[in-house]
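> What follows is the file target03.cif, containing mmCIF, C-alpha atoms:
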data_upload
#
loop_
_atom_site.label_atom_id
_atom_site.label_comp_id
_atom_site.auth_asym_id
_atom_site.auth_seq_id
_atom_site.Cartn_x
_atom_site.Cartn_y
_atom_site.Cartn_z
CA MET Y 1 25.89 -9.44 33.22
CA ASP Y 2 23.24 -7.05 31.91
CA ASP Y 3 19.98 -8.78 30.90
CA GLU Y 4 19.19 -6.19 28.22
CA LEU Y 5 22.63 -6.54 26.67
CA ARG Y 6 22.32 -10.32 26.81
CA ALA Y 7 18.91 -10.08 25.05
CA VAL Y 8 20.54 -8.20 22.18
CA GLY Y 9 23.10 -10.97 21.87
CA ASP Y 10 20.38 -13.62 21.90
CA ARG Y 11 18.54 -11.88 19.07
CA ILE Y 12 21.73 -11.73 17.02
CA ARG Y 13 22.35 -15.44 17.57
CA SER Y 14 18.75 -16.26 16.57
CA VAL Y 15 19.23 -14.80 13.08
CA MET Y 16 22.76 -15.99 12.40
CA PRO Y 17 22.56 -18.47 9.50
CA ASP Y 18 23.83 -22.01 9.91
CA GLY Y 19 27.48 -22.22 9.04
CA LEU Y 20 28.31 -18.62 10.03
CA SER Y 21 30.70 -18.65 12.97
CA GLN Y 22 31.22 -15.85 15.47
CA ARG Y 23 34.73 -15.43 14.11
CA GLN Y 24 33.39 -14.94 10.56
CA LEU Y 25 30.73 -12.48 11.76
CA ALA Y 26 33.39 -10.54 13.66
CA GLU Y 27 35.61 -10.34 10.58
CA ARG Y 28 32.76 -9.21 8.33
CA THR Y 29 31.66 -6.50 10.77
CA ARG Y 30 35.20 -5.36 11.59
CA MET Y 31 35.04 -6.40 15.24
CA LYS Y 32 37.54 -8.34 17.31
CA THR Y 33 36.37 -11.88 17.93
CA ASP Y 34 36.76 -11.51 21.69
CA ALA Y 35 34.80 -8.23 21.69
CA LEU Y 36 31.94 -9.83 19.75
CA SER Y 37 31.88 -12.85 22.07
CA ARG Y 38 31.72 -10.69 25.19
CA ALA Y 39 29.01 -8.51 23.65
CA LEU Y 40 26.90 -11.51 22.65
CA ASN Y 41 27.11 -12.73 26.25
CA GLY Y 42 26.09 -9.38 27.74
CA GLN Y 43 29.53 -8.58 29.16
CA ARG Y 44 29.90 -5.40 27.10
CA GLY Y 45 27.59 -3.27 24.98
CA PHE Y 46 27.58 -2.99 21.22
CA SER Y 47 28.28 0.40 19.71
CA SER Y 48 25.64 1.78 17.34
CA VAL Y 49 28.04 1.33 14.41
CA GLU Y 50 28.70 -2.28 15.34
CA LEU Y 51 24.99 -3.06 15.56
CA ALA Y 52 24.33 -1.34 12.24
CA ARG Y 53 27.02 -3.44 10.55
CA ILE Y 54 25.67 -6.64 12.13
CA ALA Y 55 22.11 -5.85 11.08
CA ASP Y 56 23.29 -5.19 7.53
CA GLU Y 57 25.38 -8.35 7.40
CA LEU Y 58 22.55 -10.54 8.76
CA GLY Y 59 19.86 -8.84 6.67
CA THR Y 60 17.75 -8.02 9.70
CA ASP Y 61 16.18 -4.94 11.26
CA LEU Y 62 18.39 -2.75 13.43
CA TYR Y 63 15.44 -1.50 15.49
CA TRP Y 64 14.45 -5.09 16.30
CA LEU Y 65 18.00 -6.03 17.26
CA VAL Y 66 18.10 -3.18 19.78
CA THR Y 67 14.56 -3.33 21.19
CA GLY Y 68 13.16 -6.73 20.32
CA GLU Y 69 10.13 -4.99 18.81
CA GLN Y 70 9.07 -4.13 15.28
CA ASP Y 71 10.15 -0.71 14.06
CA PRO Y 72 6.94 1.41 14.08
CA HIS Y 73 8.16 3.24 10.97
CA ARG Y 74 9.66 0.36 9.02
CA VAL Y 75 8.38 0.27 5.44
CA ARG Y 76 7.88 -2.84 3.32
CA ILE Y 77 6.74 -2.39 -0.27
CA ALA Y 78 4.98 -4.57 -2.81
CA ALA Y 79 4.30 -3.35 -6.36
CA ARG Y 80 2.07 -4.43 -9.21
CA HIS Y 81 4.29 -5.97 -11.88
CA SER Y 82 3.47 -6.06 -15.57
CA TRP Y 83 4.18 -9.12 -17.69
CA ASP Y 84 7.11 -8.77 -20.09
CA ALA Y 85 6.38 -11.33 -22.82
CA ALA Y 86 9.85 -11.00 -24.37
CA GLN Y 87 11.66 -11.75 -21.09
CA ARG Y 88 8.84 -14.00 -19.84
CA LEU Y 89 8.84 -12.45 -16.40
CA ARG Y 90 7.05 -9.79 -14.38
CA VAL Y 91 8.74 -6.38 -14.27
CA ASN Y 92 8.31 -3.01 -12.61
CA PRO Y 93 10.39 -0.63 -14.76
CA GLY Y 94 9.00 2.51 -13.10
CA ARG Y 95 10.05 1.65 -9.54
CA THR Y 96 13.03 4.01 -9.47
CA GLY Y 97 10.89 6.96 -10.50
CA ASP Y 98 8.17 6.01 -7.99
CA ASP Y 99 10.50 5.81 -5.00
CA ASN Y 100 10.38 9.55 -4.33
CA LEU Y 101 6.59 9.51 -4.02
CA LEU Y 102 6.65 6.40 -1.84
CA GLU Y 103 9.19 8.06 0.45
CA ARG Y 104 7.00 11.13 0.74
CA VAL Y 105 4.03 9.01 1.73
CA ALA Y 106 6.11 7.25 4.39
CA GLY Y 107 7.46 10.61 5.58
CA THR Y 108 3.92 11.92 5.92
CA TYR Y 109 2.96 8.99 8.12
CA ALA Y 110 6.07 9.53 10.25
CA ALA Y 111 5.16 13.21 10.71
CA ALA Y 112 1.55 12.41 11.60
CA TYR Y 113 2.36 9.48 13.88
CA PRO Y 114 5.76 10.02 15.55
CA ASP Y 115 5.33 6.83 17.60
CA GLY Y 116 4.19 4.86 14.55
CA PRO Y 117 0.74 4.66 12.95
CA PRO Y 118 -1.99 2.63 14.64
CA PRO Y 119 -1.77 -1.02 13.58
CA SER Y 120 -4.26 -2.44 11.11
CA ARG Y 121 -6.33 -5.36 12.30
CA PRO Y 122 -5.63 -8.80 10.81
CA LEU Y 123 -7.27 -9.32 7.43
CA PRO Y 124 -9.40 -12.32 6.48
CA GLY Y 125 -7.05 -14.89 4.98
CA ASN Y 126 -9.25 -15.94 2.05
CA PRO Y 127 -11.37 -14.10 -0.56
CA THR Y 128 -14.69 -15.52 0.65
CA ALA Y 129 -14.20 -14.28 4.19
CA MET Y 130 -13.03 -10.90 2.92
CA ARG Y 131 -16.14 -10.51 0.74
CA GLU Y 132 -18.31 -11.20 3.77
CA VAL Y 133 -16.61 -8.39 5.68
CA LEU Y 134 -16.75 -5.96 2.74
CA GLY Y 135 -20.42 -6.64 2.00
CA GLU Y 136 -22.24 -7.56 -1.18
CA HIS Y 137 -22.07 -4.19 -2.95
CA PHE Y 138 -18.58 -3.05 -1.88
CA ALA Y 139 -17.53 -2.19 -5.46
CA ARG Y 140 -19.81 0.89 -5.39
CA ASP Y 141 -17.48 2.67 -2.96
CA TYR Y 142 -14.58 0.29 -2.84
CA GLY Y 143 -11.81 2.42 -1.33
CA VAL Y 144 -13.91 3.88 1.48
CA THR Y 145 -15.35 0.46 2.29
CA VAL Y 146 -11.86 -1.04 2.52
CA GLU Y 147 -10.83 1.68 4.99
CA ASP Y 148 -13.98 1.43 7.09
CA ARG Y 149 -14.42 -2.34 7.20
CA LEU Y 150 -10.90 -3.70 6.82
CA GLY Y 151 -8.85 -0.95 8.45
CA VAL Y 152 -6.54 -0.63 5.44
CA ASP Y 153 -5.59 2.88 4.32
CA VAL Y 154 -6.12 3.76 0.65
CA VAL Y 155 -4.09 6.57 -0.94
CA ARG Y 156 -4.52 7.78 -4.51
CA LEU Y 157 -1.64 9.67 -6.12
CA PRO Y 158 -0.90 10.96 -9.62
CA MET Y 159 2.40 10.35 -11.41
CA LEU Y 160 2.90 6.77 -10.20
CA SER Y 161 3.84 4.19 -12.81
CA THR Y 162 1.97 1.38 -11.02
CA ASP Y 163 0.15 0.56 -7.78
CA TYR Y 164 1.72 -0.41 -4.45
CA SER Y 165 0.99 -1.82 -1.04
CA LEU Y 166 3.06 -0.66 1.92
CA SER Y 167 3.27 -1.84 5.47
CA ILE Y 168 4.38 1.08 7.62
CA GLY Y 169 5.15 -0.46 10.96
CA SER Y 170 2.00 -2.53 11.46
CA ARG Y 171 -0.21 -0.30 9.32
CA ALA Y 172 -1.44 -1.60 5.96
CA VAL Y 173 -1.50 1.04 3.21
CA VAL Y 174 -2.46 0.65 -0.46
CA ILE Y 175 -1.28 3.35 -2.86
CA LEU Y 176 -3.13 3.56 -6.17
CA SER Y 177 -2.18 5.61 -9.19
CA THR Y 178 -4.95 8.04 -10.05
CA THR Y 179 -6.79 6.97 -13.19
CA PRO Y 180 -10.26 7.50 -14.68
CA TYR Y 181 -10.43 3.74 -15.30
CA TRP Y 182 -11.91 2.73 -11.97
CA PHE Y 183 -12.03 -0.95 -12.95
CA ARG Y 184 -8.23 -1.03 -13.16
CA SER Y 185 -7.93 0.52 -9.70
CA ASN Y 186 -10.47 -1.95 -8.34
CA TRP Y 187 -8.40 -4.88 -9.54
CA SER Y 188 -5.20 -3.35 -8.19
CA LEU Y 189 -6.80 -2.74 -4.82
CA ALA Y 190 -7.91 -6.39 -4.64
CA HIS Y 191 -4.41 -7.51 -5.70
CA GLU Y 192 -2.69 -5.38 -3.04
CA LEU Y 193 -5.12 -6.50 -0.34
CA ALA Y 194 -4.11 -10.04 -1.25
CA HIS Y 195 -0.48 -9.29 -0.41
CA PHE Y 196 -1.53 -8.40 3.12
CA ALA Y 197 -4.05 -11.23 3.50
CA LEU Y 198 -1.57 -13.84 2.25
CA GLY Y 199 1.18 -12.63 4.58
CA HIS Y 200 3.50 -11.33 1.87
CA HIS Y 201 4.38 -8.31 4.03
CA ASN Y 202 5.36 -10.47 7.02
CA GLY Y 203 8.93 -11.30 7.94
CA ASP Y 204 12.11 -9.40 7.20
CA SER Y 205 11.94 -9.41 3.40
CA GLU Y 206 9.66 -7.46 1.11
CA PRO Y 207 7.07 -9.22 -1.07
CA ARG Y 208 8.68 -10.90 -4.06
CA GLU Y 209 7.88 -11.34 -7.75
CA VAL Y 210 6.78 -14.92 -7.06
CA ASP Y 211 4.00 -13.56 -4.83
CA GLU Y 212 2.29 -11.89 -7.79
CA ALA Y 213 0.46 -14.95 -9.19
CA PRO Y 214 -1.14 -15.89 -5.83
CA ALA Y 215 -2.20 -12.26 -5.38
CA ASP Y 216 -3.83 -12.28 -8.83
CA ARG Y 217 -5.76 -15.45 -8.00
CA PHE Y 218 -6.93 -13.93 -4.73
CA ALA Y 219 -8.09 -10.78 -6.57
CA ALA Y 220 -10.05 -12.83 -9.11
CA GLU Y 221 -11.81 -14.79 -6.39
CA LEU Y 222 -12.54 -11.64 -4.40
CA LEU Y 223 -14.04 -9.63 -7.24
CA LEU Y 224 -15.48 -12.47 -9.32
CA PRO Y 225 -16.10 -15.47 -7.05
CA GLU Y 226 -17.20 -18.61 -8.82
CA ASP Y 227 -20.62 -18.72 -7.14
CA LEU Y 228 -21.36 -15.14 -8.21
CA VAL Y 229 -20.44 -15.92 -11.81
CA ALA Y 230 -22.49 -19.13 -11.74
CA ARG Y 231 -25.68 -17.25 -10.87
CA GLU Y 232 -25.81 -15.71 -14.35
CA ASP Y 233 -27.14 -17.39 -17.47
CA TRP Y 234 -24.21 -16.52 -19.72
CA ARG Y 235 -25.55 -18.53 -22.65
CA ARG Y 236 -28.58 -16.25 -22.96
CA MET Y 237 -27.07 -13.00 -21.74
CA ASP Y 238 -27.25 -9.91 -23.97
CA GLU Y 239 -25.03 -6.83 -24.05
CA SER Y 240 -27.12 -4.87 -21.57
CA ALA Y 241 -26.89 -7.68 -19.01
CA VAL Y 242 -23.10 -7.82 -19.44
CA VAL Y 243 -22.92 -4.09 -18.76
CA GLU Y 244 -25.07 -4.47 -15.63
CA PHE Y 245 -22.77 -7.21 -14.34
CA LEU Y 246 -19.63 -5.15 -15.03
CA TRP Y 247 -21.12 -2.10 -13.35
CA ARG Y 248 -22.15 -4.08 -10.27
CA THR Y 249 -18.85 -5.91 -9.84
CA GLY Y 250 -16.58 -3.02 -10.83
CA VAL Y 251 -14.36 -5.06 -13.16
CA SER Y 252 -13.24 -4.65 -16.77
CA THR Y 253 -14.30 -6.54 -19.88
CA LYS Y 254 -10.81 -8.05 -20.01
CA ALA Y 255 -10.89 -9.26 -16.40
CA LEU Y 256 -14.36 -10.75 -16.86
CA GLY Y 257 -13.34 -12.48 -20.09
CA ILE Y 258 -10.29 -14.06 -18.46
CA ARG Y 259 -12.33 -15.19 -15.48
CA LEU Y 260 -15.06 -16.77 -17.61
CA GLY Y 261 -12.43 -18.57 -19.62
CA SER Y 262 -10.59 -19.85 -16.53
CA LEU Y 263 -13.86 -21.19 -15.11
CA GLY Y 264 -14.83 -22.79 -18.44
CA VAL Y 265 -18.14 -20.95 -18.61
CA PRO Y 266 -19.96 -21.23 -21.98
CA VAL Y 267 -21.23 -17.84 -23.19
CA SER Y 268 -23.47 -16.37 -25.87
CA THR Y 269 -22.19 -14.68 -29.02
CA GLU Y 270 -23.42 -11.35 -27.60
CA VAL Y 271 -21.25 -11.84 -24.52
CA VAL Y 272 -18.24 -12.61 -26.71
CA ALA Y 273 -18.85 -9.47 -28.77
CA ALA Y 274 -19.35 -7.29 -25.67
CA LEU Y 275 -16.16 -8.50 -23.99
CA LYS Y 276 -14.10 -7.66 -27.06
CA ARG Y 277 -14.91 -3.98 -26.53
CA GLY Y 278 -13.18 -1.57 -24.18
CA THR Y 279 -14.91 -1.30 -20.82
CA LEU Y 280 -15.57 2.44 -20.89
CA ASP Y 281 -16.66 2.35 -24.54
CA LEU Y 282 -19.15 -0.42 -23.75
CA MET Y 283 -20.43 1.45 -20.70
CA ARG Y 284 -20.98 4.72 -22.56
CA ALA Y 285 -22.82 2.93 -25.36
CA ASN Y 286 -25.30 1.61 -22.80
CA ALA Y 287 -25.70 4.75 -20.69
CA GLY Y 288 -28.54 7.22 -20.98
CA GLU Y 289 -31.00 9.17 -18.87
CA ASP Y 290 -33.62 6.42 -18.88
CA ARG Y 291 -31.59 3.38 -19.81
CA ASN Y 292 -30.54 0.66 -17.42
CA PRO Y 293 -28.38 -0.52 -15.81
CA ILE Y 294 -26.06 2.46 -15.43
CA GLY Y 295 -28.41 5.39 -15.71
CA SER Y 296 -26.98 8.57 -17.15
CA VAL Y 297 -23.45 9.21 -18.40
CA LYS Y 298 -23.10 11.31 -15.26
CA GLN Y 299 -22.84 8.12 -13.20
CA LEU Y 300 -19.90 7.03 -15.30
CA ILE Y 301 -18.17 10.34 -14.86
CA VAL Y 302 -18.67 10.28 -11.10
CA ARG Y 303 -16.89 6.95 -10.89
CA GLN Y 304 -14.12 8.24 -13.15
CA GLN Y 305 -13.60 11.32 -11.02
CA GLN Y 306 -13.54 9.35 -7.79
CA SER Y 307 -10.87 7.05 -9.16
CA ALA Y 308 -8.84 9.91 -10.66
CA THR Y 309 -8.84 12.17 -7.57
CA ARG Y 310 -5.83 12.53 -5.28
CA THR Y 311 -6.93 11.36 -1.82
CA PHE Y 312 -5.53 10.41 1.57
CA PRO Y 313 -7.25 8.69 4.52
CA ALA Y 314 -9.24 11.13 6.65
CA ALA Y 315 -7.65 9.82 9.87
CA LEU Y 316 -4.16 10.54 8.50
CA VAL Y 317 -5.12 14.06 7.44
CA ASP Y 318 -6.66 14.72 10.84
CA ALA Y 319 -3.64 13.43 12.76
CA LEU Y 320 -1.24 15.53 10.69
CA GLN Y 321 -3.37 18.66 10.95
CA LYS Y 322 -3.33 18.35 14.74
CA ARG Y 323 0.45 17.91 14.78
CA VAL Y 324 1.01 20.88 12.49
CA GLY Y 325 -1.48 22.97 14.47
CA ALA Y 326 0.43 22.20 17.65
CA GLY Y 327 3.71 23.19 16.05
CA ALA Y 328 5.00 19.62 16.34
CA ALA Y 329 5.30 18.84 12.60
CA SER Y 330 6.40 20.78 9.55
CA PRO Y 331 3.55 22.23 7.46
CA GLU Y 332 5.44 21.01 4.39
CA HIS Y 333 4.06 17.52 4.92
CA LEU Y 334 0.49 18.77 5.12
CA ALA Y 335 0.89 21.08 2.12
CA TRP Y 336 2.16 18.21 0.01
CA MET Y 337 -0.61 15.89 1.13
CA LEU Y 338 -3.34 18.44 0.43
CA ASP Y 339 -1.61 19.56 -2.79
CA VAL Y 340 -1.64 23.26 -1.85
CA PRO Y 341 1.11 25.90 -1.45
CA VAL Y 342 2.71 25.69 1.99
CA ASP Y 343 1.71 29.33 2.63
CA GLU Y 344 -1.93 28.26 2.70
CA ILE Y 345 -1.37 25.99 5.70
CA ASP Y 346 -2.37 27.42 9.08
CA TYR Y 347 0.66 27.53 11.33
CA PRO Y 348 0.81 28.54 15.02
CA GLU Y 349 1.44 32.20 15.77
CA PRO Y 350 3.12 33.40 19.02
CA ASP Y 351 -0.23 34.31 20.57
CA ASP Y 352 -1.55 30.81 19.98
CA GLY Y 353 0.06 29.65 23.22
CA ILE Y 354 3.58 28.93 21.97
CA GLU Y 355 6.51 30.55 23.73
CA PRO Y 356 8.15 33.24 21.53
CA ASP Y 357 11.54 31.51 21.58
CA ASN Y 358 10.00 28.27 20.38
CA TYR Y 359 8.01 30.08 17.71
CA GLU Y 360 11.12 31.77 16.36
CA ARG Y 361 12.90 28.44 16.26
CA MET Y 362 10.06 26.77 14.32
CA SER Y 363 9.48 29.70 11.99
CA ALA Y 364 13.15 29.96 11.12
CA GLY Y 365 12.95 26.49 9.61
CA ARG Y 366 9.55 26.94 8.00
CA PRO Y 367 9.72 25.68 4.42
CA THR Y 368 8.78 27.72 1.39
CA ALA Y 369 6.78 26.54 -1.60
CA GLY Y 370 10.02 25.90 -3.42
CA ASP Y 371 11.09 23.40 -0.78
CA LEU Y 372 8.30 21.09 -1.89
CA GLU Y 373 10.36 20.13 -4.91
CA ASP Y 374 12.84 18.26 -2.70
CA PRO Y 375 12.16 14.75 -1.46
CA LEU Y 376 11.44 14.16 2.21
CA ASP Y 377 13.62 11.94 4.36
CA VAL Y 378 11.88 8.89 5.75
CA ARG Y 379 12.41 8.29 9.42
#
What's the structure tokens form of this structure?

Amino acid sequence: MDDELRAVGDRIRSVMPDGLSQRQLAERTRMKTDALSRALNGQRGFSSVELARIADELGTDLYWLVTGEQDPHRVRIAARHSWDAAQRLRVNPGRTGDDNLLERVAGTYAAAYPDGPPPSRPLPGNPTAMREVLGEHFARDYGVTVEDRLGVDVVRLPMLSTDYSLSIGSRAVVILSTTPYWFRSNWSLAHELAHFALGHHNGDSEPREVDEAPADRFAAELLLPEDLVAREDWRRMDESAVVEFLWRTGVSTKALGIRLGSLGVPVSTEVVAALKRGTLDLMRANAGEDRNPIGSVKQLIVRQQQSATRTFPAALVDALQKRVGAGAASPEHLAWMLDVPVDEIDYPEPDDGIEPDNYERMSAGRPTAGDLEDPLDVR
């Protein structure tokens, strides 16, 4: 009896649901009952096709069945859902169109980290602890602070219909749609961090629609904790003070209004009037060279540009550049990530230390700019 073969059988047994017999599993996976029994007991090996059918039937991960370890490239996805008042449920109608971009992100990670990306460290499990790690003024440079202090990658991409969080192996990645409305991205980032902190990416299934409400509550407490709100005298606050608070916390007038209402905070008529306005409109009306709290309109534009710029984590870019420079990864991945024609990517020449035969092999498959229109396969 082979211990490794027996271990595969033990893992299969551990995920077989109650009431499913070996005979039924054999029938559903087109195996003979005797062959399945012997394989489960380590007396014969499973074929790759048999294991694939079993994994599909049991709704589990093929890589885990074979190795007993998590697939370093397995992707789990959670998306921001909008509320459909007519259907009275949360929906993500743009998911089909977004899948190509999500696959390209996952393919880029696979090219940069062939053995799987480095795992993210465990996140604080509650908003208060996460705020302590992020620091008091994290909203000023939210994305960079999340990467540096939490170890979560933040990607910004145009053409997405909504925002996503991905676990790639054990790496936590948040993908935000580029937008000049930084306050929307800030809320989405808090929401997606919540999916990781609350364990919605754990287990075999992807985060579900029912996980959205807890993630929203986490985001509200992270960005607008009750003690922070309670420090302000909302009954005497004027428009300028509202603007200062919004600028400091990085939230929208809508988000602040909902939070004040949920906490039952009484407010002045000026606060009510200010929160009825659009966030950017209110900010611009209170910006000027010598006016507080924002300063000049330039400060607004800087935040807009940061939120609307396509970006990838520096560590990911560096890892992929090294792989491409060594001739170990296609320059197509790097060209897509940097949003440049593939011909602008430095690629090893024969005199860079690569054997001529190997160079010819790699160059023969070198993609052209036109190849960028096709989706990448995800490992």
> What does the PyMOL selection byres ((chain Y and resi 128) around 8) select in this file, as a list in words?
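With the shown file as input, the PyMOL selection byres ((chain Y and resi 128) around 8) matches Asn126, Pro127, Ala129, Met130, Arg131, Glu132, Glu221, Leu222 and Pro225 of chain Y.
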> Report as a PyMOL selection string the residues that result from applying the PyMOL selection byres ((chain Y and resi 64) around 12) to the structure here.
chain Y and resi 7-12+14-15+51-52+55+59-63+65-74+169+203-204
> What does the distance between CA of Gly264 (chain Y) and CA of Arg231 (chain Y) come to in Å, to one decimal place?
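CA of Gly264 (chain Y) sits 14.3 Å away from CA of Arg231 (chain Y).
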> Go through Y:Arg13, Y:Arg6, Y:Arg171, Y:Arg76 one by one, measure the shortest atom-to-atom distance of each to Tyr113 (chain Y) using all atoms listed in the file, and give the residue with the smallest value.
Y:Arg171
> Evaluate the PyMOL selection byres ((chain Y and resi 114) around 12) against this structure - the residues, as a PDB file with C-alpha atoms, keeping the file's coordinate frame, please.

ATOM      1  CA  ASP Y  71      10.150  -0.710  14.060  1.00  0.00           C
ATOM      2  CA  PRO Y  72       6.940   1.410  14.080  1.00  0.00           C
ATOM      3  CA  HIS Y  73       8.160   3.240  10.970  1.00  0.00           C
ATOM      4  CA  ALA Y 106       6.110   7.250   4.390  1.00  0.00           C
ATOM      5  CA  GLY Y 107       7.460  10.610   5.580  1.00  0.00           C
ATOM      6  CA  THR Y 108       3.920  11.920   5.920  1.00  0.00           C
ATOM      7  CA  TYR Y 109       2.960   8.990   8.120  1.00  0.00           C
ATOM      8  CA  ALA Y 110       6.070   9.530  10.250  1.00  0.00           C
ATOM      9  CA  ALA Y 111       5.160  13.210  10.710  1.00  0.00           C
ATOM     10  CA  ALA Y 112       1.550  12.410  11.600  1.00  0.00           C
ATOM     11  CA  TYR Y 113       2.360   9.480  13.880  1.00  0.00           C
ATOM     12  CA  ASP Y 115       5.330   6.830  17.600  1.00  0.00           C
ATOM     13  CA  GLY Y 116       4.190   4.860  14.550  1.00  0.00           C
ATOM     14  CA  PRO Y 117       0.740   4.660  12.950  1.00  0.00           C
ATOM     15  CA  PRO Y 118      -1.990   2.630  14.640  1.00  0.00           C
ATOM     16  CA  GLY Y 169       5.150  -0.460  10.960  1.00  0.00           C
ATOM     17  CA  ALA Y 319      -3.640  13.430  12.760  1.00  0.00           C
ATOM     18  CA  LEU Y 320      -1.240  15.530  10.690  1.00  0.00           C
ATOM     19  CA  ARG Y 323       0.450  17.910  14.780  1.00  0.00           C
ATOM     20  CA  ALA Y 328       5.000  19.620  16.340  1.00  0.00           C
ATOM     21  CA  ALA Y 329       5.300  18.840  12.600  1.00  0.00           C
ATOM     22  CA  VAL Y 378      11.880   8.890   5.750  1.00  0.00           C
ATOM     23  CA  ARG Y 379      12.410   8.290   9.420  1.00  0.00           C
TER      24      ARG Y 379
END
> Which of these residues is nearest to Pro313 (chain Y), using all atoms listed in the file: Y:Gly151, Y:Gly257, Y:Pro180, Y:Gly135?
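Closest to Pro313 (chain Y), using all atoms listed in the file: Y:Gly151.
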> Residues within 9 Å of Pro158 (chain Y), please, as an NGL selection string. Count all atoms listed in the file; anything in the same chain fewer than 2 positions from it doesn't count.
:Y and (156 or 160-161 or 176-179 or 308-310)
> Determine, counting only C-alpha atoms, which protein, DNA and RNA residues have an atom within 12 Å of an atom of Asp163 (chain Y); residues of the same chain fewer than 3 positions away are not included. Present the result as a VMD selection string.
chain Y and resid 77 to 82 92 94 to 95 98 to 99 101 to 102 154 to 160 166 173 to 179 184 to 193
> If you measure from CA of Asn41 (chain Y) to CA of Leu5 (chain Y), what distance in Å do you get, rounded to one decimal?
7.7 Å
> Measure the distance from CA of Thr249 (chain Y) to CA of Arg149 (chain Y) in Å and round it to one decimal.
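Distance reported for this atom pair: 18.0 Å.
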> Taking into account only C-alpha atoms, which residue in the set Y:Leu263, Y:Val210, Y:Glu4, Y:Lys276 is nearest to Val242 (chain Y)?
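The shortest atom-to-atom distance to Val242 (chain Y) comes from Y:Lys276.
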> Quick one: residues within 9 Å of Val317 (chain Y), only C-alpha atoms, excluding same-chain residues fewer than 5 positions away - as an MDAnalysis selection string?
chainID Y and resid 112 312 322 334 337:338
> Given the point (-22.6, -6.3, -16.5) in the file's coordinates, find the residues that have an atom at most 12 Å from it, counting all atoms listed in the file, and give them as a ChimeraX atom specification.
/Y:224,229,232,234,237-253,256-257,271,274-275,279,282-283,286,292-294
> Do a neighbour search on Pro122 (chain Y) at 9 Å with only C-alpha atoms, toss out local chain neighbours closer than 5 positions, and write the hits as a list in words.
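The contact residues come out as Leu150, Gly151, Phe196 and Ala197 of chain Y.
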> Measuring between all atoms listed in the file, which one of Y:Gln305, Y:Gly45, Y:Ile54, Y:Ala230 shows the shortest distance to Thr29 (chain Y)?
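Nearest candidate to Thr29 (chain Y) out of Y:Gln305, Y:Gly45, Y:Ile54, Y:Ala230: Y:Ile54.
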> Name the closest residue to Ser330 (chain Y) among the candidates Y:Leu316, Y:Ala255, Y:Val302, Y:Ile345; distances are taken between atoms, counting only C-alpha atoms.
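Ranked by minimum distance to Ser330 (chain Y), first place goes to Y:Ile345.
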> Which residue gives the smallest distance to Trp182 (chain Y) among Y:Leu260, Y:Ala220, Y:Val267, Y:Ile301, with only C-alpha atoms counted?
Y:Ile301
